[in-house]
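Chemist: First, the structure itself, so that you have it in front of you.
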Amino acid sequence: LFAKFTTTESVAGESFGSTGSYIHVGSSTGAFAASQNSMLSTAAYIKAMEATYPTRGANILTYRILAATNEANFDWNEYGIKNTTASSTGTGTLMQRALDALGTKPSTQAWQFTASITVST
């Protein structure tokens, strides 16, 4: 199934390619569960990939966004890659939700955020 989502075999709207993948960032510190399909934060920030992303090299998928000074100014504690802009749990597929206290993004800074996923074979 994972291979389907990362290749051209997927149905429109299912892929995690340059036009179908978004990084979601939230402030929740709630515990991870494999059943989660969205950020736990009610005020998640969602952004499409920068031009030329995602990239694929060997067995590493790399996703990247740039949050401008007026975007996502809160504590970054959770992030994930999803194939939709919808923050609801029933829409799209969340490839990954990770917990990491990345800091509080102030309105005076733009943050470039890169997420890399290693796929084992």
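Simple scheme: letters A, B, ... for chains in structure tokens order, numbers from 1 for residues in each chain, numbers from 1 for ligands in the order shown.
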Show which residues sit within 7 Å of Thr93 in chain A, as a PDB file with N, CA and C atoms, in the first residue's frame. Count only C-alpha atoms, and ignore same-chain residues fewer than 2 positions away.
Modeler:
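To be explicit, this is the file written out as out.pdb:
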```pdb
ATOM      1  N   ASN A  37      -5.001   9.793  12.119  1.00  0.00           N
ATOM      2  CA  ASN A  37      -4.984  10.209  10.727  1.00  0.00           C
ATOM      3  C   ASN A  37      -4.983  11.727  10.588  1.00  0.00           C
ATOM      4  N   LYS A  82       0.644  14.378   4.916  1.00  0.00           N
ATOM      5  CA  LYS A  82      -0.685  13.874   4.565  1.00  0.00           C
ATOM      6  C   LYS A  82      -0.970  14.208   3.108  1.00  0.00           C
ATOM      7  N   ASN A  83      -1.814  13.416   2.465  1.00  0.00           N
ATOM      8  CA  ASN A  83      -2.107  13.650   1.060  1.00  0.00           C
ATOM      9  C   ASN A  83      -3.379  14.477   0.856  1.00  0.00           C
ATOM     10  N   THR A  91     -10.462  12.185   6.286  1.00  0.00           N
ATOM     11  CA  THR A  91     -10.115  12.582   4.925  1.00  0.00           C
ATOM     12  C   THR A  91      -8.636  12.379   4.667  1.00  0.00           C
ATOM     13  N   MET A  95       0.631   9.856   6.345  1.00  0.00           N
ATOM     14  CA  MET A  95       1.742   8.926   6.198  1.00  0.00           C
ATOM     15  C   MET A  95       2.487   8.768   7.520  1.00  0.00           C
TER      16      MET A  95
END
```
Chemist: Identify all residues of chain A in strand (DSSP E or B) (DSSP on the backbone) and supply them as number ranges by chain.
Modeler: A: 22-26, 45-48, 55-57, 60-67, 75-82, 94-104, 111-118
Chemist: Please return, as a PyMOL selection string, all residues of chain A that DSSP assigns to helix (DSSP H, G or I) on the basis of the backbone.
Modeler: chain A and resi 2-5
Chemist: Write out as a VMD selection string the residues lying within 10 Å of Ser107 in chain A, counting only C-alpha atoms and excluding same-chain residues fewer than 6 positions away.
Modeler: chain A and resid 68 to 74
Chemist: Taking only C-alpha atoms into account, name the residue in A:Gln109, A:Gln96, A:Ser21, A:Thr52 that is nearest to Ser35 in chain A.
Modeler: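 For Ser35 in chain A, the nearest of the candidates is A:Gln96.
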Chemist: Applying 10 Å and only C-alpha atoms, which residues near Ala58 in chain A remain after dropping the ones on its own chain fewer than 3 positions away? List them as a PyMOL selection string.
Modeler: chain A and resi 61+118-119
Chemist: Let's have the selection written as a PDB file, in the first residue's frame, with C-alpha atoms.
Modeler:
```
ATOM      1  CA  LEU A  61      11.731  10.472   0.669  1.00  0.00           C
ATOM      2  CA  THR A 118      13.607   6.249   5.151  1.00  0.00           C
ATOM      3  CA  VAL A 119      11.868   3.313   3.527  1.00  0.00           C
TER       4      VAL A 119
END
```
Chemist: Between CA of Thr104 in chain A and CA of Leu66 in chain A, measure the distance and give it in Å to one decimal.
Modeler: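 Computed distance, CA of Thr104 in chain A to CA of Leu66 in chain A, equals 15.1 Å.
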Chemist: With distances taken over only C-alpha atoms, which residue among A:Phe113, A:Tyr79, A:Tyr63, A:Phe16 lies nearest Tyr45 in chain A?
Modeler: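 Nearest to Tyr45 in chain A: A:Tyr79.
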Chemist: Give the answer as one residue: which of A:Gln36, A:Asn59, A:Ser120, A:Ser28 has the shortest atom-to-atom distance to Asp100 in chain A, using only C-alpha atoms?
Modeler: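 So, comparing all the options, the nearest one is A:Ser28.
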Chemist: What lies within 8 Å of Ser27 in chain A using only C-alpha atoms, ignoring chain neighbours under 4 positions off, as a PyMOL selection string?
Modeler: chain A and resi 41+43-44+74-78
Chemist: Write a file of the selected residues as a compact mmCIF listing (two decimals), in the first residue's frame, keeping all heavy atoms.
Modeler:
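Resulting contents of again_17.txt:
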```txt
# COMPACT_ATOMS: atom_id res chain seq x y z
N SER A 41 -3.68 18.63 17.39
CA SER A 41 -3.92 20.05 17.64
C SER A 41 -5.13 20.52 16.84
O SER A 41 -5.30 20.16 15.68
CB SER A 41 -2.70 20.86 17.22
OG SER A 41 -2.96 22.24 17.32
N ALA A 43 -5.59 23.57 15.98
CA ALA A 43 -5.14 24.66 15.12
C ALA A 43 -3.90 24.23 14.34
O ALA A 43 -2.83 24.79 14.50
CB ALA A 43 -4.83 25.90 15.97
N ALA A 44 -4.06 23.22 13.51
CA ALA A 44 -2.93 22.73 12.72
C ALA A 44 -2.66 23.66 11.54
O ALA A 44 -3.58 24.25 10.97
CB ALA A 44 -3.19 21.33 12.22
N PHE A 74 3.27 29.44 16.48
CA PHE A 74 2.87 28.75 17.71
C PHE A 74 3.92 27.69 18.02
O PHE A 74 4.91 27.54 17.29
CB PHE A 74 1.47 28.13 17.57
CG PHE A 74 1.27 27.24 16.37
CD1 PHE A 74 1.77 25.94 16.34
CD2 PHE A 74 0.57 27.70 15.26
CE1 PHE A 74 1.58 25.13 15.23
CE2 PHE A 74 0.38 26.89 14.15
CZ PHE A 74 0.88 25.60 14.14
N ASP A 75 3.71 26.92 19.08
CA ASP A 75 4.62 25.83 19.44
C ASP A 75 4.50 24.71 18.41
O ASP A 75 3.40 24.22 18.16
CB ASP A 75 4.27 25.25 20.82
CG ASP A 75 4.51 26.23 21.95
OD1 ASP A 75 5.30 27.15 21.77
OD2 ASP A 75 3.87 26.06 23.01
N TRP A 76 5.62 24.30 17.84
CA TRP A 76 5.63 23.18 16.89
C TRP A 76 6.01 21.92 17.67
O TRP A 76 7.18 21.70 17.99
CB TRP A 76 6.64 23.44 15.78
CG TRP A 76 6.24 24.47 14.77
CD1 TRP A 76 5.44 25.56 14.96
CD2 TRP A 76 6.64 24.53 13.40
NE1 TRP A 76 5.31 26.29 13.80
CE2 TRP A 76 6.05 25.68 12.83
CE3 TRP A 76 7.46 23.74 12.62
CZ2 TRP A 76 6.24 26.03 11.51
CZ3 TRP A 76 7.65 24.10 11.30
CH2 TRP A 76 7.04 25.23 10.74
N ASN A 77 5.03 21.10 17.98
CA ASN A 77 5.26 19.88 18.77
C ASN A 77 4.94 18.59 18.02
O ASN A 77 5.31 17.51 18.46
CB ASN A 77 4.43 19.92 20.06
CG ASN A 77 4.88 21.01 20.98
OD1 ASN A 77 6.06 21.28 21.11
ND2 ASN A 77 3.93 21.68 21.62
N GLU A 78 4.20 18.70 16.93
CA GLU A 78 3.82 17.53 16.15
C GLU A 78 3.85 17.90 14.68
O GLU A 78 3.64 19.05 14.31
CB GLU A 78 2.43 17.03 16.54
CG GLU A 78 1.34 18.06 16.31
CD GLU A 78 -0.06 17.57 16.62
OE1 GLU A 78 -0.30 16.35 16.69
OE2 GLU A 78 -0.93 18.44 16.79
```
Chemist: Counting only C-alpha atoms, which residue out of A:Gly80, A:Ala51, A:Ser15, A:Ala98 sits closest to Phe32 in chain A?
Modeler: A:Ala98
Chemist: Return the single residue from A:Ala101, A:Ala48, A:Gly92, A:Ile81 that is closest to Ile65 in chain A, with distances computed using only C-alpha atoms.
Modeler: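 Smallest distance to Ile65 in chain A is found for A:Ala48.
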Chemist: If you count only C-alpha atoms, which residues fall within 8 Å of Pro54 in chain A, apart from same-chain ones fewer than 5 positions away, as a list in words?
Modeler: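 My reading of the contact set: Gly17, Ser18, Met49, Leu61, Thr62, Tyr63 and Arg64 of chain A.
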